[in-house]
Every structure is written in structure tokens, then in C-alpha cells.
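What follows is the content of start_1.cif, which has mmCIF, C-alpha atoms and all ligand atoms:
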data_target
loop_
_atom_site.label_atom_id
_atom_site.label_comp_id
_atom_site.auth_asym_id
_atom_site.auth_seq_id
_atom_site.Cartn_x
_atom_site.Cartn_y
_atom_site.Cartn_z
CA MET X 1 33.35 25.03 30.78
CA ILE X 2 29.69 24.93 29.82
CA ILE X 3 29.18 24.46 26.13
CA ASP X 4 25.90 25.38 24.48
CA PHE X 5 25.70 22.49 22.06
CA LEU X 6 22.58 23.89 20.47
CA LEU X 7 24.69 26.74 19.11
CA LYS X 8 27.06 24.18 17.65
CA ALA X 9 24.27 22.25 15.90
CA THR X 10 23.52 22.86 12.23
CA PRO X 11 21.14 25.76 11.53
CA GLY X 12 18.47 23.24 10.50
CA VAL X 13 18.66 21.38 13.80
CA GLN X 14 18.73 24.64 15.78
CA GLY X 15 15.30 25.51 14.38
CA LEU X 16 13.70 22.12 15.12
CA GLN X 17 11.09 21.22 17.67
CA PRO X 18 11.35 17.52 18.50
CA TYR X 19 8.53 15.17 17.51
CA ILE X 20 5.90 14.87 20.25
CA PRO X 21 4.77 11.26 20.63
CA GLY X 22 1.54 10.05 22.21
CA LYS X 23 1.79 9.75 25.98
CA PRO X 24 2.76 6.20 26.96
CA VAL X 25 0.35 4.25 29.21
CA GLU X 26 3.12 3.46 31.71
CA GLU X 27 3.99 7.14 32.09
CA LEU X 28 0.41 8.04 32.98
CA GLN X 29 0.25 5.08 35.35
CA ARG X 30 3.38 6.35 37.10
CA GLU X 31 2.06 9.89 37.30
CA LEU X 32 -1.51 9.22 38.42
CA GLY X 33 -1.41 5.67 39.76
CA LEU X 34 -4.48 4.74 37.70
CA ALA X 35 -5.10 1.04 37.22
CA HIS X 36 -7.04 1.18 33.98
CA ILE X 37 -5.91 3.41 31.17
CA VAL X 38 -7.23 3.69 27.64
CA LYS X 39 -4.68 4.92 25.11
CA LEU X 40 -6.07 6.25 21.87
CA ALA X 41 -3.20 8.55 21.03
CA SER X 42 -0.88 7.06 18.42
CA ASN X 43 -3.13 5.45 15.80
CA GLU X 44 -2.08 1.95 16.88
CA ASN X 45 -4.25 -1.10 16.22
CA PRO X 46 -6.51 -1.64 19.27
CA LEU X 47 -6.95 -5.33 18.39
CA GLY X 48 -3.29 -6.03 19.20
CA PRO X 49 -0.61 -7.34 16.88
CA SER X 50 -1.42 -9.50 13.88
CA PRO X 51 -1.54 -13.03 15.37
CA LEU X 52 0.50 -14.44 12.48
CA GLY X 53 3.05 -11.66 12.92
CA LYS X 54 3.26 -12.22 16.66
CA ALA X 55 3.86 -15.94 16.29
CA ALA X 56 6.58 -15.36 13.70
CA ALA X 57 8.23 -12.76 15.96
CA ALA X 58 8.33 -15.25 18.83
CA GLY X 59 9.98 -17.78 16.55
CA GLU X 60 12.91 -15.43 15.95
CA LEU X 61 14.00 -14.99 19.54
CA ASP X 62 16.57 -17.78 19.56
CA GLY X 63 18.49 -16.00 16.83
CA LEU X 64 18.92 -12.65 18.56
CA ASN X 65 22.70 -13.12 18.66
CA TRP X 66 22.84 -12.79 14.85
CA TYR X 67 22.67 -9.59 12.89
CA PRO X 68 19.53 -9.53 10.77
CA ASP X 69 19.52 -10.09 7.01
CA ASP X 70 20.64 -6.65 5.85
CA VAL X 71 18.90 -7.09 2.51
CA GLY X 72 15.64 -8.27 4.06
CA TYR X 73 15.43 -10.82 1.27
CA ARG X 74 12.33 -12.75 2.28
CA LEU X 75 10.21 -9.74 3.17
CA LYS X 76 11.23 -7.89 0.01
CA GLN X 77 10.52 -10.94 -2.09
CA LYS X 78 7.06 -11.20 -0.60
CA LEU X 79 6.32 -7.51 -1.11
CA ALA X 80 7.59 -7.74 -4.69
CA GLU X 81 5.19 -10.62 -5.39
CA ARG X 82 2.30 -8.91 -3.71
CA TYR X 83 2.66 -5.70 -5.68
CA GLY X 84 3.98 -7.14 -8.95
CA LEU X 85 7.20 -5.13 -8.58
CA ALA X 86 10.87 -5.96 -8.94
CA PHE X 87 12.93 -6.69 -5.83
CA GLU X 88 15.03 -3.62 -6.72
CA GLN X 89 12.01 -1.37 -6.26
CA ILE X 90 11.67 -2.01 -2.55
CA THR X 91 13.28 -0.24 0.38
CA LEU X 92 12.78 -1.52 3.91
CA GLY X 93 12.81 0.86 6.83
CA ALA X 94 12.65 0.87 10.61
CA GLY X 95 9.10 2.14 10.22
CA SER X 96 8.08 4.06 7.14
CA SER X 97 9.46 7.17 8.80
CA ASP X 98 12.93 5.70 8.28
CA VAL X 99 12.25 5.51 4.53
CA ILE X 100 10.93 9.08 4.52
CA ASP X 101 14.13 10.16 6.27
CA MET X 102 16.24 8.33 3.66
CA VAL X 103 14.55 10.38 0.95
CA ALA X 104 15.21 13.60 2.87
CA ARG X 105 18.85 12.74 3.53
CA SER X 106 19.39 11.77 -0.11
CA PHE X 107 17.79 14.76 -1.80
CA LEU X 108 17.57 17.65 0.65
CA GLY X 109 20.22 20.02 1.95
CA PRO X 110 21.07 23.72 2.21
CA GLY X 111 19.76 25.74 -0.73
CA ARG X 112 17.07 23.14 -1.46
CA ASN X 113 13.48 22.96 -0.31
CA ALA X 114 10.74 20.45 0.40
CA VAL X 115 7.04 21.18 -0.04
CA TYR X 116 4.32 19.77 2.18
CA ALA X 117 0.87 20.75 3.43
CA ALA X 118 -0.14 22.48 6.65
CA HIS X 119 -1.51 20.05 9.27
CA SER X 120 0.41 17.15 7.73
CA PHE X 121 2.66 14.58 9.40
CA ALA X 122 5.23 16.33 11.62
CA MET X 123 8.19 14.29 10.44
CA TYR X 124 8.20 15.88 6.96
CA ALA X 125 9.27 19.18 8.51
CA ILE X 126 11.68 17.58 10.95
CA TYR X 127 13.52 15.48 8.36
CA SER X 128 13.61 18.30 5.80
CA ARG X 129 15.00 20.84 8.20
CA ALA X 130 17.39 18.39 9.84
CA ALA X 131 18.83 17.85 6.36
CA GLY X 132 19.39 21.61 6.13
CA ALA X 133 16.64 22.31 3.62
CA GLU X 134 13.85 24.83 3.75
CA GLY X 135 10.44 23.39 4.59
CA ARG X 136 7.72 25.07 2.55
CA VAL X 137 4.28 24.70 4.04
CA ALA X 138 1.30 25.04 1.72
CA PRO X 139 -1.83 26.40 3.41
CA ALA X 140 -4.55 23.79 3.78
CA LEU X 141 -8.02 23.87 2.28
CA PRO X 142 -10.47 26.05 4.25
CA PRO X 143 -12.25 24.60 7.30
CA ASP X 144 -15.66 25.30 5.78
CA GLY X 145 -14.97 23.68 2.38
CA ASP X 146 -15.60 20.17 1.01
CA MET X 147 -12.43 18.76 2.55
CA PRO X 148 -11.80 20.83 5.67
CA TYR X 149 -8.08 21.19 6.51
CA GLY X 150 -7.16 18.86 3.62
CA HIS X 151 -4.17 19.17 1.29
CA ASP X 152 -4.59 22.04 -1.19
CA LEU X 153 -2.78 20.65 -4.23
CA ASP X 154 -2.87 23.98 -6.09
CA ALA X 155 -1.25 25.71 -3.14
CA MET X 156 1.38 22.96 -3.00
CA ALA X 157 2.09 23.23 -6.74
CA ALA X 158 2.53 26.99 -6.40
CA LEU X 159 5.37 26.50 -3.89
CA ILE X 160 7.44 24.24 -6.15
CA ASP X 161 10.39 25.99 -7.75
CA ASP X 162 13.82 25.12 -9.21
CA ASP X 163 15.19 24.37 -5.75
CA THR X 164 12.42 21.96 -4.76
CA ARG X 165 13.69 18.41 -4.50
CA VAL X 166 10.94 16.63 -2.56
CA VAL X 167 7.16 16.95 -2.20
CA PHE X 168 5.48 15.10 0.68
CA ILE X 169 1.83 14.04 0.46
CA ALA X 170 -0.01 11.96 3.05
CA ASN X 171 -3.08 10.11 1.82
CA PRO X 172 -4.96 9.79 4.08
CA ASN X 173 -3.31 12.55 6.04
CA ASN X 174 -2.42 12.43 9.71
CA PRO X 175 -3.63 14.12 11.92
CA THR X 176 -6.64 15.26 9.89
CA GLY X 177 -7.69 11.96 8.24
CA THR X 178 -8.49 13.92 5.06
CA TRP X 179 -7.83 12.40 1.65
CA LEU X 180 -7.22 13.14 -2.01
CA ASP X 181 -9.16 11.50 -4.78
CA ALA X 182 -7.46 9.60 -7.55
CA ASP X 183 -7.93 12.04 -10.44
CA ALA X 184 -6.75 15.09 -8.54
CA LEU X 185 -3.77 13.30 -7.06
CA HIS X 186 -2.69 11.73 -10.36
CA ALA X 187 -2.95 15.10 -12.13
CA PHE X 188 -0.89 16.73 -9.39
CA ILE X 189 1.89 14.15 -9.57
CA GLU X 190 1.90 14.56 -13.35
CA SER X 191 2.35 18.31 -12.90
CA VAL X 192 5.36 17.96 -10.59
CA PRO X 193 8.66 18.32 -12.48
CA PRO X 194 9.97 14.80 -13.15
CA ASP X 195 13.22 15.46 -11.27
CA VAL X 196 11.38 16.30 -8.03
CA VAL X 197 10.76 13.29 -5.79
CA VAL X 198 7.14 12.81 -4.71
CA VAL X 199 6.71 10.92 -1.44
CA LEU X 200 3.19 9.52 -1.27
CA ASP X 201 2.79 8.45 2.33
CA GLU X 202 0.11 5.74 2.55
CA ALA X 203 0.60 4.73 6.19
CA TYR X 204 -3.16 4.29 6.70
CA THR X 205 -4.25 3.10 3.28
CA GLU X 206 -5.27 -0.40 4.39
CA TYR X 207 -7.99 1.14 6.56
CA VAL X 208 -9.66 2.93 3.69
CA SER X 209 -12.72 1.19 2.33
CA ARG X 210 -13.88 4.17 0.24
CA PRO X 211 -14.49 3.11 -3.37
CA GLY X 212 -12.11 4.67 -5.88
CA PHE X 213 -9.53 5.58 -3.26
CA PRO X 214 -6.17 5.97 -5.03
CA ASP X 215 -3.56 3.24 -4.88
CA GLY X 216 -0.21 4.93 -5.46
CA VAL X 217 1.45 1.61 -6.24
CA ALA X 218 -0.50 1.39 -9.50
CA TRP X 219 1.14 4.64 -10.61
CA LEU X 220 4.77 3.67 -10.04
CA GLN X 221 5.21 2.69 -13.67
CA ASP X 222 4.05 6.15 -14.78
CA PHE X 223 6.24 8.14 -12.40
CA PRO X 224 9.91 7.24 -11.84
CA ASN X 225 10.03 10.12 -9.31
CA LEU X 226 7.26 8.64 -7.11
CA ILE X 227 7.90 6.73 -3.89
CA VAL X 228 4.97 5.19 -2.03
CA THR X 229 5.59 4.53 1.66
CA ARG X 230 3.61 2.07 3.77
CA THR X 231 3.98 0.60 7.23
CA PHE X 232 3.39 -2.39 9.47
CA SER X 233 2.86 -0.03 12.43
CA LYS X 234 -0.78 0.69 11.83
CA ILE X 235 -3.25 -1.93 10.60
CA TYR X 236 -0.78 -4.82 11.02
CA GLY X 237 -0.38 -3.91 14.69
CA LEU X 238 3.42 -4.12 14.74
CA ALA X 239 4.30 -0.54 15.77
CA ALA X 240 6.75 -1.68 18.46
CA LEU X 241 8.86 -3.58 15.96
CA ARG X 242 9.45 -0.58 13.67
CA VAL X 243 9.08 -1.85 10.14
CA GLY X 244 7.83 -0.16 7.00
CA TYR X 245 8.73 0.09 3.34
CA GLY X 246 8.98 2.29 0.29
CA LEU X 247 8.08 1.31 -3.28
CA ALA X 248 9.60 3.25 -6.17
CA SER X 249 11.47 2.96 -9.45
CA ALA X 250 14.66 0.89 -9.24
CA GLU X 251 16.69 4.07 -9.96
CA LEU X 252 15.19 6.05 -7.10
CA THR X 253 15.39 3.03 -4.78
CA ALA X 254 19.11 2.61 -5.49
CA VAL X 255 19.80 6.23 -4.54
CA ILE X 256 17.98 6.27 -1.22
CA ASN X 257 19.53 2.94 -0.21
CA ARG X 258 22.92 4.66 -0.25
CA VAL X 259 21.99 6.31 3.04
CA ARG X 260 20.18 3.37 4.63
CA HIS X 261 21.65 2.43 7.99
CA PRO X 262 23.08 -1.09 7.97
CA PHE X 263 20.73 -3.70 9.43
CA ASN X 264 18.06 -1.01 9.81
CA VAL X 265 15.25 -3.56 10.14
CA ASN X 266 15.73 -6.15 12.87
CA SER X 267 15.17 -9.86 12.38
CA VAL X 268 12.11 -10.06 14.65
CA ALA X 269 10.47 -7.28 12.66
CA LEU X 270 11.39 -8.84 9.32
CA ALA X 271 9.85 -12.20 10.27
CA ALA X 272 6.75 -10.65 11.82
CA ALA X 273 6.12 -8.37 8.85
CA GLU X 274 6.52 -11.20 6.38
CA ALA X 275 3.98 -13.34 8.25
CA ALA X 276 1.59 -10.47 8.89
CA LEU X 277 1.24 -9.86 5.17
CA ASP X 278 -0.74 -13.12 5.03
CA ASP X 279 -3.04 -12.18 7.90
CA SER X 280 -6.04 -11.22 5.80
CA ASP X 281 -8.44 -12.29 8.56
CA PHE X 282 -6.88 -9.90 11.03
CA ILE X 283 -6.84 -7.09 8.48
CA ALA X 284 -10.54 -7.62 7.73
CA ARG X 285 -11.38 -7.63 11.45
CA SER X 286 -9.35 -4.47 11.95
CA VAL X 287 -11.15 -2.65 9.13
CA ALA X 288 -14.54 -3.75 10.47
CA ASN X 289 -13.64 -2.62 14.00
CA ASN X 290 -12.47 0.70 12.62
CA ASP X 291 -15.57 1.32 10.54
CA ALA X 292 -17.81 0.51 13.50
CA GLY X 293 -15.72 2.66 15.85
CA MET X 294 -15.76 5.61 13.47
CA ALA X 295 -19.57 5.38 13.34
CA GLN X 296 -19.65 5.24 17.16
CA TYR X 297 -17.62 8.48 17.42
CA LEU X 298 -19.53 10.30 14.71
CA ALA X 299 -22.83 9.49 16.42
CA ALA X 300 -21.44 10.69 19.75
CA PHE X 301 -20.08 13.91 18.26
CA GLU X 302 -23.43 14.61 16.67
CA GLU X 303 -25.19 14.06 19.97
CA MET X 304 -22.69 16.38 21.67
CA GLY X 305 -22.94 19.02 18.94
CA LEU X 306 -19.24 18.69 18.08
CA GLU X 307 -17.77 18.96 14.60
CA SER X 308 -15.09 16.60 13.41
CA ILE X 309 -12.87 16.61 10.35
CA PRO X 310 -13.97 13.97 7.81
CA SER X 311 -11.51 11.08 8.16
CA VAL X 312 -10.85 7.79 6.35
CA GLY X 313 -8.06 6.81 8.73
CA ASN X 314 -8.13 4.96 12.06
CA PHE X 315 -8.46 8.24 13.92
CA VAL X 316 -10.64 11.31 13.95
CA CYS X 317 -9.96 14.94 14.82
CA VAL X 318 -12.75 16.62 16.73
CA ASP X 319 -13.18 20.31 17.49
CA VAL X 320 -13.74 20.51 21.25
CA VAL X 321 -14.40 24.28 21.08
CA ARG X 322 -11.87 24.85 23.83
CA PRO X 323 -8.09 24.57 23.92
CA GLY X 324 -7.52 20.91 23.10
CA ALA X 325 -4.50 20.79 25.42
CA GLU X 326 -6.76 21.54 28.43
CA VAL X 327 -9.31 18.89 27.53
CA PHE X 328 -6.47 16.44 26.92
CA GLU X 329 -5.16 17.07 30.46
CA GLU X 330 -8.61 16.63 31.96
CA MET X 331 -9.15 13.40 30.08
CA LEU X 332 -5.80 12.09 31.33
CA ARG X 333 -7.13 12.39 34.87
CA LEU X 334 -9.98 10.13 33.81
CA GLY X 335 -7.50 7.60 32.45
CA VAL X 336 -7.95 8.35 28.76
CA ILE X 337 -5.00 9.36 26.59
CA VAL X 338 -5.85 11.13 23.34
CA ARG X 339 -3.73 13.53 21.32
CA PRO X 340 -3.84 17.32 21.47
CA VAL X 341 -2.86 18.70 18.06
CA GLY X 342 -1.92 22.32 18.79
CA ASN X 343 1.51 21.51 17.37
CA TYR X 344 -0.29 20.83 14.08
CA ASP X 345 -1.97 24.25 14.20
CA LEU X 346 -5.24 22.72 15.31
CA PRO X 347 -5.39 24.19 18.84
CA ASN X 348 -9.05 23.37 19.51
CA HIS X 349 -8.98 19.84 18.14
CA LEU X 350 -8.19 16.51 19.71
CA ARG X 351 -7.15 13.55 17.61
CA ILE X 352 -8.70 10.31 18.84
CA THR X 353 -7.56 6.91 17.60
CA ILE X 354 -10.44 4.51 16.98
CA GLY X 355 -10.27 1.83 19.69
CA THR X 356 -12.35 -1.20 20.59
CA PRO X 357 -16.06 -0.51 21.18
CA ALA X 358 -15.46 -0.49 24.96
CA GLU X 359 -12.45 1.83 24.70
CA ASN X 360 -14.45 4.18 22.51
CA GLU X 361 -17.28 4.19 25.07
CA THR X 362 -14.84 5.09 27.85
CA CYS X 363 -13.33 7.84 25.72
CA ILE X 364 -16.71 9.27 24.75
CA ALA X 365 -17.86 9.26 28.39
CA ALA X 366 -14.66 11.06 29.45
CA LEU X 367 -15.04 13.62 26.67
CA LYS X 368 -18.65 14.25 27.71
CA GLN X 369 -17.63 14.70 31.31
CA CYS X 370 -14.85 17.16 30.40
CA LEU X 371 -17.05 19.19 28.08
CA SER X 372 -20.16 19.30 30.26
C1 LIG M 401 1.15 9.85 7.99
C2 LIG M 401 2.17 9.01 8.69
N1 LIG M 401 3.22 8.59 8.00
C3 LIG M 401 4.18 7.84 8.55
C4 LIG M 401 4.08 7.46 9.87
C5 LIG M 401 5.23 6.68 10.42
O1 LIG M 401 4.94 5.49 10.92
P1 LIG M 401 6.04 4.38 11.12
O2 LIG M 401 7.38 5.04 11.11
O3 LIG M 401 5.71 3.76 12.40
O4 LIG M 401 5.89 3.47 9.94
C6 LIG M 401 3.02 7.87 10.65
C7 LIG M 401 2.93 7.51 12.07
O5 LIG M 401 2.17 7.96 12.83
C8 LIG M 401 2.03 8.67 10.03
O6 LIG M 401 0.99 9.10 10.73
#

Here is a file; write its structure as C-alpha cells.
Ligand SMILES: Cc1ncc(COP(=O)(O)O)c(C=O)c1O
Amino acid sequence: MIIDFLLKATPGVQGLQPYIPGKPVEELQRELGLAHIVKLASNENPLGPSPLGKAAAAGELDGLNWYPDDVGYRLKQKLAERYGLAFEQITLGAGSSDVIDMVARSFLGPGRNAVYAAHSFAMYAIYSRAAGAEGRVAPALPPDGDMPYGHDLDAMAALIDDDTRVVFIANPNNPTGTWLDADALHAFIESVPPDVVVVLDEAYTEYVSRPGFPDGVAWLQDFPNLIVTRTFSKIYGLAALRVGYGLASAELTAVINRVRHPFNVNSVALAAAEAALDDSDFIARSVANNDAGMAQYLAAFEEMGLESIPSVGNFVCVDVVRPGAEVFEEMLRLGVIVRPVGNYDLPNHLRITIGTPAENETCIAALKQCLS
């Protein structure tokens, strides 16, 4: 008997499209047999892992027979000190996406809805719908405005009703790189009903050198319904280890930890993350590399007559004036992996992660060749 398991899945899961990750280097190597491949597709740190994090990870390998510390005591303690928060305000996740999922599983379900912006991180929709809730997508700001494709906070506010339980905001946003300024964001959070959870996703915040850029952590004392999520996957260069965290009121933290999977953060990740927090040298080098790389791309786009979306992240979305999926395929043949973003309703854009200067050169040359 052949069973159609999709029909047996919950209605939320039936309507899902799985997350599309960046194409792995090994996969392209297998397909095309290319020796040298540049991957600028998943907003990873091109400088490698934090050296302090890497050394600490190596030091954990003899203990792989033990389950990790389920509480994550040392990492939480360090985060608490760093942010001036109580231990009870911290949730550790297998990546920040795990924390975002915990919020969805705790507060969303049939008859409830979550509000998020168009062109924002794909997992908000996936986790909301998987939990059985309605995902309400607020149209983005217009492409020809001050913040093209950015979050439209008024449009988001207009979608909130009595059944809204969670609002997701990414600042900066992925894949656009757009951002919200402190006054507007604070006023928006203030306007959200206090029983609606606001997830402020700050996965890329460490890259932002813009003066006055909001720091959601400073607002936790004002908003018991706010959770700020951050990650070690991006600037700390530890994406493979899967470790991130959420900061919130102790009350909200206690609720979402009810659905946390036991031992969700492994011991190698815990040790690496704890050490990486001290790696201020590496962070400074990563920011400098990113700023220089962004300038390199913007100059190239200008020369090529291409428009990009203003970004403060470690990536930039460029309008290639053709279906992005086609240009992506052509660039693959030249050994460069970028990210088509048609699934984010940006069919003519490609999202490019800022790499090393040499990687950026290779990517720019490939883009020129494909668009000539
Ligand atoms: C906006 C945003 N939030 C969260 C994440 C999740 O990252 P991780 O689960 O690796 O912490 C990503 C990853 O790309 C992201 O772009």
C-alpha cells in the first residue's frame, strides 16, 4: 500500500515549502569537478572560525562520550555578565533559529497568527505555519523609497489583531540587509500589545558600525514581551557548530524553555561560543573586512550600472536585471556560489555574502562575465 504521508501531515506542514540553504561547496565540486570554488551564499564569516573558539572546540573532543551541560551554565553566565542580565533571562539554542522555533512552538498554533515582513528571513514563515498558525506577511516598503524593500512597521502594526501572538522583526534583515532606526523600532515595540511576543532577530548586529543603530538588549527592561535573538553563526564564524541565544524577561524565558529539546546545544559548541565571546580582535578584523568588501561591491555595482539594496549586514542584494536564478546558474559554472532570492519575492536579485578581497574579486569578475 502506498501512503501519501503529505496528506497525513498537519495542514500547516502541508502548506510548507522547505527552507532552501546555500549550495554547499562539495556539492558543486561533485557536480562540476571544479577545483576552486568561492562560496558567498550563506552569510558565513569568510575569515574562518574565531581562533579562540576553534581552539576551545578542539579542547572538547576528548569528552564527546558525555552529554553536554543541558543548562549551558558557563556560556549563560558569560552572556549574563556581558549584557548585565540575569542568568534566567538567557535561552541557548542550536543556532538562533532554534530559539525562534521555541517561541513559535510556545505561542503559535491553530487560530493564532504571526506577523512578519515580506522579504524577511524564511524561517519565520516555516516555524509559524509548522506550528499551525497563520503567517501574516506585511508588504515591504517600496523599492524606490528611502529604505527599499525594508520592513514597513505601519503595515506590520495594521496586521496585528486579537489572535496575533508573535511579531518577527529582523534588524538588519536578511536577505535585504535593510534596517530600522532606533526611534521607529522602539515606538513600534511600544505600540505592540504587551501580551504579543516581539522577536527582534539581531543575527547580524555585530557587523553594523552605523552610529545610533538600535541595540535591542537595552530595551529588555522596558518590554517583558521582547526577545532578542543573536547567533555565533555569523560574525563569530561558528555556523557549523549551531549555537545561538535569546535574551528576554525571565518570565518569557521560562515559558519558551518548556519546549527546548534536551541537550540542544552540544558541548563543542558551548565551549567554542564561550571562548569566541572574548575574541574581540577577530570581531574587529571581521568588521573591517566586511566594510572594505561592501565598498568593493558597491564600487563594482556602480561601474556595472547595477542597483543594490542598501545593506548593513555581511551581504548585499543586487538587482541583476535578469532572472537571478539564471545568473546564479551561470555563476556556478564559473565556480562562484551566490544566492538567488526568488523564494523571497526578489526574482531579479542575487544575494552575495561579503567575502575576502580575493573572493569578492572573483565574484565580481564572474558577475561581469555573466552580465556582459
Ligand atoms: C535573519 C536571520 N536570523 C536567524 C538566522 C539563523 O541563524 P542560526 O540559526 O545559524 O543562528 C539567520 C541565518 O541565516 C538569519 O539570516

request  = Give me, please, the distance in Å between CA of Gly12 in chain X and CA of Pro262 in chain X, quoted to one decimal.
outcome  =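 Interatomic distance here is 24.9 Å.
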
ask   = With all atoms listed in the file as the atoms that count, which of X:Asp163, X:Asp215, X:Glu303, X:Asp146 lies nearest to Ala133 in chain X?
value =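 With all atoms listed in the file as the atom set, the closest residue is X:Asp163.
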
ask   = Do you know which residues are at most 10 Å from Met123 in chain X counting only C-alpha atoms, after dropping those on the same chain fewer than 5 positions away, and could you put them as a ChimeraX atom specification?
value = /X:18-19,97,100-101,128-129

query = Which one of X:Ala104, X:Ile227, X:Ala218, X:Leu16 sits closest to Ile90 in chain X if you count all atoms listed in the file?
reply = X:Ile227

ask   = For Phe213 in chain X, which of X:Ala86, X:Met331, X:Ala182, X:Val259 is the closest residue, counting all atoms listed in the file?
value =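 Nearest candidate to Phe213 in chain X out of X:Ala86, X:Met331, X:Ala182, X:Val259: X:Ala182.
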
task = Write as a ChimeraX atom specification the residues around ligand LIG 401 (chain M), taking 9 Å as the cut-off and counting all atoms listed in the file.
result = /X:21,42-44,93-100,120-124,169-175,201-204,229-234,238-245

Counting all atoms listed in the file, find residues at most 12 Å from (16.6, 5.3, -7.6) (file frame) and give them as an mmCIF file with C-alpha atoms, in the coordinates of the input.
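Writing done, so here's result.cif:
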data_model
loop_
_atom_site.group_PDB
_atom_site.id
_atom_site.type_symbol
_atom_site.label_atom_id
_atom_site.label_comp_id
_atom_site.auth_asym_id
_atom_site.auth_seq_id
_atom_site.Cartn_x
_atom_site.Cartn_y
_atom_site.Cartn_z
ATOM 1 C CA GLU X 88 15.030 -3.620 -6.720
ATOM 2 C CA GLN X 89 12.010 -1.370 -6.260
ATOM 3 C CA ILE X 90 11.670 -2.010 -2.550
ATOM 4 C CA THR X 91 13.280 -0.240 0.380
ATOM 5 C CA MET X 102 16.240 8.330 3.660
ATOM 6 C CA VAL X 103 14.550 10.380 0.950
ATOM 7 C CA SER X 106 19.390 11.770 -0.110
ATOM 8 C CA PHE X 107 17.790 14.760 -1.800
ATOM 9 C CA ASP X 195 13.220 15.460 -11.270
ATOM 10 C CA VAL X 197 10.760 13.290 -5.790
ATOM 11 C CA PHE X 223 6.240 8.140 -12.400
ATOM 12 C CA PRO X 224 9.910 7.240 -11.840
ATOM 13 C CA ASN X 225 10.030 10.120 -9.310
ATOM 14 C CA LEU X 226 7.260 8.640 -7.110
ATOM 15 C CA ILE X 227 7.900 6.730 -3.890
ATOM 16 C CA GLY X 246 8.980 2.290 0.290
ATOM 17 C CA LEU X 247 8.080 1.310 -3.280
ATOM 18 C CA ALA X 248 9.600 3.250 -6.170
ATOM 19 C CA SER X 249 11.470 2.960 -9.450
ATOM 20 C CA ALA X 250 14.660 0.890 -9.240
ATOM 21 C CA GLU X 251 16.690 4.070 -9.960
ATOM 22 C CA LEU X 252 15.190 6.050 -7.100
ATOM 23 C CA THR X 253 15.390 3.030 -4.780
ATOM 24 C CA ALA X 254 19.110 2.610 -5.490
ATOM 25 C CA VAL X 255 19.800 6.230 -4.540
ATOM 26 C CA ILE X 256 17.980 6.270 -1.220
ATOM 27 C CA ASN X 257 19.530 2.940 -0.210
ATOM 28 C CA ARG X 258 22.920 4.660 -0.250
ATOM 29 C CA VAL X 259 21.990 6.310 3.040
#

Residue neighbourhood Leu34 in chain X, 8 Å, all atoms listed in the file, exclusion window fewer than 4 positions, as a PyMOL selection string = chain X and resi 28-29+335

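Put simply, CA of Ile189 in chain X is 17.3 Å away from CA of Gly212 in chain X.
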
Length of the CA of Asp319 in chain X to CA of Ile235 in chain X vector [Å] = 25.3 Å

request  = Give me the residues within 10 Å of Ile37 in chain X as a VMD selection string, counting only C-alpha atoms and dropping any in the same chain fewer than 6 places off.
outcome  = chain X and resid 25 to 26 28 to 29 332 to 337 359 362

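Across X:Tyr344, X:Leu141, X:Ile354, X:Phe282, the tightest approach to Ala125 in chain X is made by X:Tyr344 when counting only C-alpha atoms.
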
Closest of X:Val338, X:Ala271, X:Leu32, X:Val166 to Lys76 in chain X - atom-to-atom distances counting all atoms listed in the file = X:Ala271

inquiry  = What's around Asn348 in chain X at 6 Å? Count only C-alpha atoms, leave out sequence neighbours fewer than 6 positions away in its own chain, and write the answer as a PyMOL selection string.
reply    = chain X and resi 319-324

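Checking X:Leu277, X:Leu350, X:Ala140, X:Val265 one by one against Glu307 in chain X, counting all atoms listed in the file, you find the shortest gap at X:Leu350.
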
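For Pro110 in chain X, the non-local neighbours within 8 Å, defined as residues at least 3 positions apart in the same chain or in other chains and counting all atoms listed in the file, are Ala131, Gly132, Ala133 and Glu134 of chain X.
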
Would you export the selected residues with C-alpha atoms as a short mmCIF file (atom, residue, chain, number, x, y, z; two decimals), in the frame of the given file, please?
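And here is the file that came out, again.cif:
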data_model
loop_
_atom_site.label_atom_id
_atom_site.label_comp_id
_atom_site.auth_asym_id
_atom_site.auth_seq_id
_atom_site.Cartn_x
_atom_site.Cartn_y
_atom_site.Cartn_z
CA ALA X 131 18.83 17.85 6.36
CA GLY X 132 19.39 21.61 6.13
CA ALA X 133 16.64 22.31 3.62
CA GLU X 134 13.85 24.83 3.75
#
